[in-house]
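For reference, model-v1.cif (mmCIF, C-alpha atoms and all ligand atoms):
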```cif
data_upload
#
loop_
_atom_site.label_atom_id
_atom_site.label_comp_id
_atom_site.auth_asym_id
_atom_site.auth_seq_id
_atom_site.Cartn_x
_atom_site.Cartn_y
_atom_site.Cartn_z
CA MET A 1 77.64 139.76 -144.78
CA TYR A 2 78.57 139.44 -148.44
CA ILE A 3 77.44 141.94 -151.08
CA HIS A 4 77.91 141.09 -154.73
CA ILE A 5 78.48 143.99 -157.13
CA PRO A 6 77.94 142.39 -160.56
CA PHE A 7 79.70 144.80 -162.94
CA CYS A 8 83.15 144.78 -164.56
CA LYS A 9 84.83 147.04 -167.11
CA GLN A 10 85.79 144.07 -169.25
CA ALA A 11 85.71 140.30 -169.02
CA CYS A 12 88.90 138.63 -167.84
CA HIS A 13 89.53 135.58 -170.02
CA TYR A 14 89.53 133.09 -167.14
CA CYS A 15 86.56 134.40 -165.16
CA ASP A 16 83.34 132.51 -164.56
CA PHE A 17 81.89 134.73 -161.84
CA HIS A 18 78.61 136.52 -162.37
CA PHE A 19 79.02 140.04 -163.79
CA SER A 20 77.93 142.27 -166.65
CA THR A 21 80.17 144.61 -168.64
CA SER A 22 77.31 147.04 -169.13
CA VAL A 23 76.99 149.38 -166.17
CA LYS A 24 73.74 150.93 -167.44
CA LYS A 25 71.72 149.28 -164.70
CA LYS A 26 74.08 150.19 -161.85
CA PRO A 27 71.68 152.67 -160.16
CA GLU A 28 68.80 150.18 -160.32
CA MET A 29 71.08 147.46 -159.04
CA VAL A 30 72.09 149.55 -156.03
CA GLU A 31 68.39 150.20 -155.33
CA ALA A 32 67.66 146.48 -155.57
CA ILE A 33 70.57 145.60 -153.27
CA CYS A 34 69.28 148.12 -150.70
CA LYS A 35 65.81 146.62 -150.97
CA GLU A 36 67.14 143.09 -150.44
CA LEU A 37 69.09 144.31 -147.40
CA LEU A 38 65.85 145.72 -145.97
CA LEU A 39 63.74 142.66 -146.73
CA ARG A 40 66.22 140.28 -145.14
CA LYS A 41 67.20 142.27 -142.08
CA ASP A 42 65.61 139.78 -139.67
CA GLU A 43 67.64 136.89 -141.03
CA ILE A 44 70.69 137.94 -139.02
CA LYS A 45 70.08 137.73 -135.28
CA ASP A 46 73.64 138.36 -134.12
CA GLU A 47 75.93 141.27 -134.69
CA VAL A 48 77.48 141.54 -138.13
CA GLU A 49 81.21 141.01 -137.63
CA THR A 50 82.37 141.40 -141.21
CA ILE A 51 81.06 142.93 -144.43
CA TYR A 52 82.62 141.96 -147.73
CA PHE A 53 81.96 143.72 -151.03
CA GLY A 54 82.89 141.23 -153.75
CA GLY A 55 82.15 140.86 -157.41
CA GLY A 56 82.38 141.70 -160.12
CA THR A 57 84.16 144.92 -159.32
CA PRO A 58 82.91 146.75 -156.22
CA SER A 59 85.40 149.58 -156.84
CA LEU A 60 83.08 150.64 -159.69
CA LEU A 61 80.64 151.96 -157.05
CA SER A 62 80.58 155.72 -156.70
CA ALA A 63 80.83 157.45 -153.31
CA GLU A 64 77.05 158.05 -153.36
CA GLU A 65 76.22 154.46 -154.24
CA LEU A 66 78.44 153.11 -151.50
CA GLU A 67 76.94 155.54 -149.02
CA GLN A 68 73.45 154.50 -150.04
CA ILE A 69 74.26 150.85 -149.27
CA PHE A 70 76.01 151.63 -145.97
CA GLU A 71 73.09 153.73 -144.81
CA VAL A 72 70.70 150.80 -145.16
CA ILE A 73 73.16 148.44 -143.46
CA PHE A 74 73.93 150.69 -140.49
CA ASN A 75 70.27 151.67 -139.98
CA ASN A 76 68.92 148.15 -140.10
CA TYR A 77 71.55 145.72 -138.83
CA LYS A 78 73.43 145.41 -135.55
CA ILE A 79 77.05 145.97 -136.48
CA ALA A 80 79.90 144.83 -134.23
CA GLU A 81 81.99 147.53 -132.59
CA THR A 82 85.06 146.85 -134.74
CA PRO A 83 83.80 145.20 -137.90
CA GLU A 84 86.09 144.18 -140.74
CA ILE A 85 84.73 145.85 -143.90
CA THR A 86 86.49 144.74 -147.07
CA LEU A 87 86.03 146.06 -150.58
CA GLU A 88 87.48 144.31 -153.61
CA ALA A 89 89.09 146.86 -155.91
CA ASN A 90 90.78 146.72 -159.28
CA PRO A 91 94.01 148.69 -159.71
CA ASP A 92 92.67 150.78 -162.60
CA ASP A 93 89.90 152.14 -160.35
CA LEU A 94 92.19 153.06 -157.49
CA THR A 95 93.00 156.67 -158.25
CA GLU A 96 94.14 158.91 -155.41
CA GLU A 97 90.67 160.42 -155.27
CA LYS A 98 88.93 157.03 -155.12
CA ILE A 99 91.20 155.79 -152.35
CA LYS A 100 90.57 158.93 -150.31
CA MET A 101 86.83 158.48 -150.81
CA LEU A 102 87.05 154.86 -149.65
CA ALA A 103 89.15 155.86 -146.64
CA THR A 104 86.44 158.23 -145.47
CA SER A 105 83.76 155.50 -145.87
CA PRO A 106 83.36 152.64 -143.35
CA VAL A 107 85.59 150.42 -145.57
CA ASN A 108 88.68 149.46 -143.55
CA ARG A 109 90.26 146.74 -145.69
CA LEU A 110 91.06 146.69 -149.41
CA SER A 111 91.48 143.55 -151.47
CA ILE A 112 93.24 144.58 -154.67
CA GLY A 113 92.99 142.38 -157.76
CA VAL A 114 96.59 142.70 -158.92
CA GLN A 115 96.99 139.15 -160.31
CA SER A 116 100.44 139.92 -161.79
CA PHE A 117 102.90 142.81 -161.95
CA PHE A 118 103.83 141.87 -165.53
CA GLU A 119 102.27 143.19 -168.71
CA GLN A 120 102.41 139.85 -170.60
CA ASP A 121 100.40 138.06 -167.90
CA LEU A 122 97.85 140.85 -167.56
CA LYS A 123 97.33 140.94 -171.34
CA LEU A 124 97.00 137.17 -171.58
CA MET A 125 94.29 137.24 -168.90
CA ASN A 126 92.63 140.34 -170.43
CA ARG A 127 92.80 142.31 -167.19
CA ALA A 128 91.65 145.94 -167.43
CA HIS A 129 94.78 147.30 -165.71
CA ASN A 130 98.44 147.44 -166.69
CA ALA A 131 101.59 146.65 -164.72
CA GLU A 132 102.20 150.26 -163.74
CA GLU A 133 98.67 150.64 -162.36
CA ALA A 134 99.18 147.46 -160.34
CA LEU A 135 102.22 149.00 -158.61
CA GLU A 136 100.82 152.50 -158.30
CA SER A 137 97.49 151.41 -156.81
CA ILE A 138 99.21 149.63 -153.93
CA LYS A 139 101.54 152.55 -153.21
CA LEU A 140 98.56 154.91 -153.13
CA ALA A 141 96.37 152.55 -151.10
CA LYS A 142 99.10 152.23 -148.47
CA GLN A 143 98.88 155.96 -147.77
CA GLN A 144 95.30 155.50 -146.49
CA PHE A 145 94.92 151.84 -145.52
CA ASN A 146 97.11 149.47 -143.58
CA ASN A 147 94.87 146.43 -143.96
CA ILE A 148 95.51 145.56 -147.60
CA SER A 149 95.35 142.24 -149.38
CA ILE A 150 96.37 141.57 -152.95
CA ASP A 151 95.40 138.73 -155.26
CA LEU A 152 98.07 137.04 -157.35
CA ILE A 153 97.63 134.27 -159.91
CA TYR A 154 100.19 131.53 -160.55
CA GLY A 155 100.36 128.82 -163.18
CA ILE A 156 99.74 131.31 -166.00
CA PRO A 157 100.80 129.87 -169.40
CA GLY A 158 104.17 131.36 -170.31
CA MET A 159 104.98 132.58 -166.79
CA SER A 160 108.31 131.11 -165.76
CA ASN A 161 109.24 130.33 -162.16
CA GLU A 162 111.63 133.30 -162.34
CA ARG A 163 108.84 135.68 -163.25
CA TRP A 164 106.66 134.21 -160.52
CA LYS A 165 109.45 134.78 -157.98
CA GLU A 166 109.74 138.34 -159.22
CA ASN A 167 105.98 138.84 -158.68
CA LEU A 168 106.34 137.66 -155.09
CA LYS A 169 109.43 139.82 -154.57
CA ILE A 170 107.59 142.93 -155.74
CA ALA A 171 104.62 142.14 -153.47
CA LEU A 172 106.97 141.73 -150.50
CA GLU A 173 108.85 144.93 -151.29
CA LEU A 174 105.55 146.80 -151.39
CA GLY A 175 104.91 145.57 -147.85
CA VAL A 176 101.36 144.25 -148.18
CA PRO A 177 100.35 142.26 -145.08
CA HIS A 178 98.04 139.76 -146.83
CA ILE A 179 98.19 137.83 -150.11
CA SER A 180 95.53 135.58 -151.64
CA SER A 181 96.88 133.50 -154.45
CA TYR A 182 95.13 131.09 -156.77
CA ALA A 183 96.26 128.81 -159.59
CA LEU A 184 94.86 129.81 -162.95
CA THR A 185 92.06 127.35 -163.61
CA VAL A 186 90.40 126.75 -166.93
CA GLU A 187 86.67 126.92 -166.33
CA PRO A 188 84.09 125.73 -168.88
CA LYS A 189 82.61 128.39 -171.18
CA THR A 190 85.42 130.89 -170.60
CA ALA A 191 87.44 132.65 -173.29
CA LEU A 192 90.57 131.03 -171.82
CA LYS A 193 89.16 127.56 -172.43
CA SER A 194 88.28 128.27 -176.03
CA MET A 195 91.65 129.96 -176.69
CA ILE A 196 93.49 126.94 -175.33
CA GLU A 197 91.31 124.60 -177.40
CA LYS A 198 92.07 126.63 -180.54
CA GLY A 199 95.78 126.50 -179.74
CA LYS A 200 96.08 130.29 -179.30
CA ILE A 201 97.35 129.93 -175.75
CA ALA A 202 99.48 127.14 -174.33
CA PRO A 203 97.62 124.88 -171.90
CA VAL A 204 97.92 125.38 -168.17
CA GLU A 205 100.48 122.94 -166.76
CA GLU A 206 99.57 121.48 -163.42
CA GLU A 207 103.14 120.51 -162.63
CA LEU A 208 104.30 124.10 -163.15
CA ALA A 209 101.47 125.41 -160.98
CA LYS A 210 102.53 123.01 -158.23
CA GLU A 211 106.13 124.20 -158.47
CA GLN A 212 105.01 127.82 -158.27
CA TYR A 213 102.79 127.06 -155.29
CA GLU A 214 105.76 125.51 -153.51
CA ILE A 215 107.94 128.51 -154.35
CA MET A 216 105.28 130.78 -152.87
CA ILE A 217 104.99 128.76 -149.65
CA GLU A 218 108.74 129.02 -149.14
CA GLU A 219 109.18 132.69 -150.08
CA LEU A 220 106.21 133.91 -148.08
CA ALA A 221 107.05 131.82 -145.01
CA SER A 222 110.54 133.31 -144.88
CA ALA A 223 109.00 136.78 -145.13
CA GLY A 224 106.87 136.12 -142.00
CA PHE A 225 103.58 135.18 -143.65
CA ASP A 226 101.42 132.44 -142.20
CA ASN A 227 99.79 130.17 -144.78
CA TYR A 228 96.57 129.99 -142.73
CA GLU A 229 94.48 128.65 -145.59
CA PHE A 230 95.58 126.89 -148.75
CA SER A 231 95.39 130.05 -150.89
CA ASN A 232 95.75 132.69 -148.19
CA PHE A 233 98.83 134.12 -146.54
CA GLY A 234 98.77 136.74 -143.82
CA LYS A 235 101.07 138.50 -141.42
CA PRO A 236 99.97 138.06 -137.77
CA GLY A 237 96.89 140.19 -137.11
CA TYR A 238 96.00 140.45 -140.81
CA PHE A 239 94.14 137.19 -141.51
CA SER A 240 90.84 137.81 -143.29
CA ARG A 241 88.18 137.66 -140.57
CA ASN A 242 85.48 137.35 -143.22
CA ASN A 243 86.96 134.31 -144.94
CA THR A 244 88.00 132.67 -141.69
CA ALA A 245 84.38 132.88 -140.46
CA TYR A 246 83.29 131.21 -143.68
CA TRP A 247 85.80 128.37 -143.30
CA PHE A 248 84.59 127.85 -139.74
CA GLY A 249 81.02 127.39 -140.91
CA LYS A 250 79.58 130.60 -139.46
CA PRO A 251 76.28 131.80 -140.96
CA TYR A 252 76.43 134.51 -143.59
CA LEU A 253 73.98 136.62 -145.54
CA GLY A 254 74.67 136.99 -149.26
CA ILE A 255 73.11 140.00 -150.97
CA GLY A 256 73.01 140.72 -154.70
CA PRO A 257 72.67 138.57 -157.83
CA SER A 258 74.41 135.16 -157.57
CA ALA A 259 75.22 135.70 -153.87
CA HIS A 260 75.00 132.66 -151.59
CA SER A 261 73.73 132.64 -148.02
CA PHE A 262 74.10 130.08 -145.24
CA ASP A 263 72.23 129.91 -141.94
CA GLY A 264 73.92 126.83 -140.53
CA PHE A 265 71.40 124.39 -142.07
CA HIS A 266 70.29 125.83 -145.42
CA ARG A 267 72.12 127.16 -148.41
CA LYS A 268 70.38 129.81 -150.44
CA TRP A 269 71.52 131.27 -153.73
CA ASN A 270 70.20 134.31 -155.54
CA VAL A 271 69.52 134.28 -159.27
CA SER A 272 72.63 134.95 -161.41
CA ASN A 273 70.96 137.42 -163.72
CA ASN A 274 70.96 141.19 -163.20
CA THR A 275 67.67 141.90 -164.95
CA LEU A 276 65.75 139.12 -163.20
CA TYR A 277 67.26 140.13 -159.86
CA ILE A 278 66.29 143.80 -160.25
CA LYS A 279 62.77 142.98 -161.51
CA ALA A 280 62.09 140.62 -158.60
CA LEU A 281 63.28 143.11 -155.99
CA GLN A 282 61.17 145.84 -157.60
CA LYS A 283 58.18 143.61 -156.82
CA GLY A 284 59.44 143.01 -153.29
CA GLU A 285 60.47 139.41 -154.03
CA ILE A 286 63.80 137.73 -153.39
CA PRO A 287 64.73 135.58 -156.39
CA ALA A 288 66.49 132.75 -154.58
CA GLU A 289 66.55 128.98 -154.40
CA VAL A 290 67.02 127.15 -151.12
CA GLU A 291 68.51 123.79 -150.33
CA LYS A 292 68.32 122.09 -146.95
CA LEU A 293 71.67 120.53 -146.18
CA SER A 294 71.66 116.96 -144.89
CA VAL A 295 73.92 115.94 -142.01
CA SER A 296 76.35 114.36 -144.46
CA ASP A 297 76.37 117.52 -146.62
CA ARG A 298 77.34 119.54 -143.55
CA TYR A 299 79.97 116.99 -142.51
CA ASN A 300 81.46 117.01 -146.04
CA GLU A 301 81.57 120.80 -146.06
CA LEU A 302 83.35 120.91 -142.73
CA VAL A 303 85.92 118.40 -143.98
CA MET A 304 86.45 120.32 -147.22
CA THR A 305 86.85 123.78 -145.72
CA ARG A 306 88.76 122.91 -142.54
CA LEU A 307 91.28 120.73 -144.29
CA ARG A 308 92.31 123.71 -146.36
CA THR A 309 93.08 125.70 -143.22
CA LYS A 310 96.10 125.44 -140.94
CA TRP A 311 93.75 124.52 -138.06
CA GLY A 312 92.60 121.29 -139.70
CA ILE A 313 89.65 119.19 -138.51
CA ALA A 314 88.95 119.08 -134.76
CA VAL A 315 87.78 115.51 -134.23
CA ASP A 316 85.78 116.31 -131.07
CA GLU A 317 83.85 118.96 -133.02
CA VAL A 318 82.91 116.35 -135.62
CA GLU A 319 81.51 114.17 -132.83
CA ARG A 320 79.69 117.09 -131.20
CA SER A 321 78.14 118.31 -134.44
CA PHE A 322 77.39 115.08 -136.28
CA GLY A 323 77.60 112.22 -133.77
CA ILE A 324 79.93 109.32 -133.06
CA LYS A 325 79.07 107.61 -136.38
CA TYR A 326 80.73 110.41 -138.34
CA LYS A 327 83.70 110.64 -135.99
CA ASP A 328 84.37 106.89 -136.33
CA TYR A 329 84.00 107.14 -140.09
CA LEU A 330 86.44 110.04 -140.25
CA LEU A 331 89.03 108.21 -138.14
CA ARG A 332 88.69 105.07 -140.24
CA GLU A 333 89.07 106.88 -143.56
CA ALA A 334 91.87 109.10 -142.25
CA ALA A 335 93.95 106.11 -141.09
CA LYS A 336 94.95 105.19 -144.67
CA LEU A 337 95.88 108.78 -145.49
CA ILE A 338 97.95 109.09 -142.31
CA GLN A 339 99.79 105.92 -143.29
CA ASP A 340 100.51 107.40 -146.74
CA GLY A 341 101.88 110.55 -145.12
CA MET A 342 99.12 112.81 -146.53
CA LEU A 343 97.47 113.60 -143.20
CA GLU A 344 98.95 114.02 -139.74
CA TRP A 345 97.81 114.58 -136.18
CA ASN A 346 98.38 117.81 -134.30
CA ASP A 347 96.87 117.35 -130.82
CA SER A 348 93.39 116.13 -131.63
CA ARG A 349 93.27 117.85 -135.01
CA LEU A 350 93.75 116.23 -138.39
CA GLN A 351 95.79 118.32 -140.77
CA VAL A 352 97.22 117.84 -144.24
CA SER A 353 100.95 117.19 -144.17
CA LYS A 354 103.48 119.10 -146.26
CA LYS A 355 103.39 116.22 -148.75
CA GLY A 356 99.60 116.35 -149.00
CA LYS A 357 99.25 120.11 -149.17
CA PHE A 358 98.80 120.62 -152.92
CA LEU A 359 96.39 117.68 -152.95
CA SER A 360 94.17 118.83 -150.10
CA ASP A 361 90.94 118.91 -152.13
CA GLY A 362 91.52 115.32 -153.28
CA ILE A 363 92.35 114.28 -149.72
CA ALA A 364 89.14 115.88 -148.46
CA ALA A 365 87.17 113.93 -151.07
CA GLU A 366 88.62 110.69 -149.65
CA LEU A 367 87.13 111.61 -146.27
CA PHE A 368 83.69 112.50 -147.60
CA TRP A 369 80.64 110.65 -146.48
CA VAL A 370 78.93 109.22 -149.55
CA GLU A 371 75.23 108.41 -149.13
CA GLU A 372 74.35 104.86 -150.26
S1 LIG A 401 87.48 141.81 -162.71
FE1 LIG A 401 87.16 139.98 -161.42
S2 LIG A 401 84.97 139.49 -161.58
FE2 LIG A 401 85.45 140.96 -163.24
S3 LIG A 401 85.88 139.66 -165.03
FE3 LIG A 401 87.85 140.07 -164.03
S4 LIG A 401 88.14 138.34 -162.59
FE4 LIG A 401 85.98 138.35 -163.19
#
```
Please express what this file holds, its structure, as structure tokens.
Ligand code: SF4
Amino acid sequence: MYIHIPFCKQACHYCDFHFSTSVKKKPEMVEAICKELLLRKDEIKDEVETIYFGGGTPSLLSAEELEQIFEVIFNNYKIAETPEITLEANPDDLTEEKIKMLATSPVNRLSIGVQSFFEQDLKLMNRAHNAEEALESIKLAKQQFNNISIDLIYGIPGMSNERWKENLKIALELGVPHISSYALTVEPKTALKSMIEKGKIAPVEEELAKEQYEIMIEELASAGFDNYEFSNFGKPGYFSRNNTAYWFGKPYLGIGPSAHSFDGFHRKWNVSNNTLYIKALQKGEIPAEVEKLSVSDRYNELVMTRLRTKWGIAVDEVERSFGIKYKDYLLREAAKLIQDGMLEWNDSRLQVSKKGKFLSDGIAAELFWVEE
């Protein structure tokens, strides 16, 4: 289960997620989220294994608001005995009091949006927290939680490889068991894009991002982290169960504005507008669009997501799920990439090689089924 909390204190320059910087409608939003949870309770037949509060900034929820949402979930859904319940939090929200409140709630995993431990990087990205808060929030969180993940961004204009190494060193010294790390990407209609276009910020260099990705792979591997998905690194026992389920194509229910849902055959996405979302739910309607995925859509998604994981693509699963036609197609297309050293076999699984790693999205595209 994914719950989108669409509010942020300020807009990070690179962000193209759905959020509003006005929290005026937070109480109505929480009401609407609870209503959606109620209306859609029959969509999940099985036990809920994981709950993920993402955003936006879920750490902006008060104790009462969080309780309100949990009450609806626990009273209306079958929850697994030991669910993973993650809440994304920004360092500036993680006061001692807030962390204690979260520790007494059902939340058992924190994902902290650190991004960098350096002031220059945080300023350039317009993050709401400073370097000291980044450090302090993790130290405080560790007193109450052991399942902690942090986000770090590489490829930031002006961030040298030395500073990137220092970021990784600090993260390792703090002893977090999970790190998610993404290259800074310049999305359309973001402040970052317009600042680069106006020459106020140096452009993002792909070559530098690649170097920093390689540094991270090496540093984190020698510290005992498993790079189980392209952007995710975990100590044994600390892989994100929520994200792993998503990469393995398990159904999920997405609640809140802009949230996506997947039932195995259809993709549904809620409207990305807080006012429209709240108004619809007040009338008992769910403002969503639905798309039925074709067999080739589902095959392409499997290729895309699995290739990014350390488990790769199980060829027998492709045959079981989509038929021999797709398996033969996959083997034919993969042959060229194996020859070029981009893909390799591990038992009956196709995985990206070390050489192909940074190019895994492009490699996946080569294996896609394109309808005539
Ligand atoms: S806090 Fe997260 S969701 Fe909000 S603007 Fe920044 S990156 Fe986007």
In Å to one decimal, how far is CA of Leu253 in chain A from CA of Ser294 in chain A?
->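 Value for the CA of Ser294 in chain A-CA of Leu253 in chain A distance: 19.8 Å.
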Within-7 Å residues of ligand LIG 401 (chain A), basis only C-alpha atoms and all ligand atoms, as a list in words =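 Answer in the requested format: Phe7, Cys8, Gln10, Ala11, Cys12, Cys15, Asp16, Phe17, Phe19, Gly55, Gly56, Thr57, Asn90 and Arg127 of chain A.
Nearest residue to Glu214 in chain A among A:Gly175, A:Gly256, A:Pro6, A:Gly356 is A:Gly356, counting only C-alpha atoms.
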Residue nearest Asn300 in chain A - candidates A:Ile99, A:Leu367, A:Leu337, A:Val114, atoms counted: all atoms listed in the file |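 Distance minimum relative to Asn300 in chain A lands on A:Leu367.
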For CA of Lys268 in chain A and CA of His18 in chain A, the interatomic separation in Å (one decimal) |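 According to the coordinates, CA of Lys268 in chain A and CA of His18 in chain A are separated by 16.0 Å.
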Range 68-157 of chain A near range 33-37 of chain A within 8 Å: what's each residue's closest atom pair and its distance in Å to one decimal, counting only C-alpha atoms, ordered by chain then ascending residue number, as CSV?
```
residue,atom,partner,partner_atom,distance
A:Gln68,CA,A:Cys34,CA,7.7
A:Ile69,CA,A:Cys34,CA,5.9
A:Val72,CA,A:Cys34,CA,6.3
A:Ile73,CA,A:Leu37,CA,7.0
```
What are the nearest atom pairs, with distances in Å to one decimal, for all residues of range 120-228 of chain A that come at most 9 Å from range 236-242 of chain A, using only C-alpha atoms, set out by chain and rising residue number as a Markdown table?
```
| residue | atom | partner | partner_atom | distance |
| --- | --- | --- | --- | --- |
| A:Asn147 | CA | A:Tyr238 | CA | 6.9 |
| A:Ile148 | CA | A:Tyr238 | CA | 8.5 |
| A:Ser149 | CA | A:Ser240 | CA | 8.8 |
| A:Pro177 | CA | A:Tyr238 | CA | 6.4 |
| A:His178 | CA | A:Tyr238 | CA | 6.4 |
| A:Gly224 | CA | A:Pro236 | CA | 8.3 |
| A:Phe225 | CA | A:Pro236 | CA | 7.5 |
| A:Asp226 | CA | A:Pro236 | CA | 7.3 |
| A:Tyr228 | CA | A:Phe239 | CA | 7.7 |
```
Using all atoms listed in the file, determine which residues lie at most 12 Å from Gly362 in chain A, disregarding the query and same-chain residues fewer than 6 positions distant; provide the list as a list of chain:residue names.
->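 Listed by chain and then number, they are A:Val303, A:Met304, A:Leu307, A:Arg308, A:Leu337, A:Met342, A:Leu343, A:Val352, A:Gly356, A:Phe368.
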Go ahead and find all residues with at least one atom no further than 6 Å from (78.1, 141.0, -144.8) in the file's coordinates, using all atoms listed in the file; report them as a list of chain:residue names.
->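 With a cut-off of 6 Å, the residues come to A:Met1, A:Tyr2, A:Thr50, A:Ile51, A:Tyr52.
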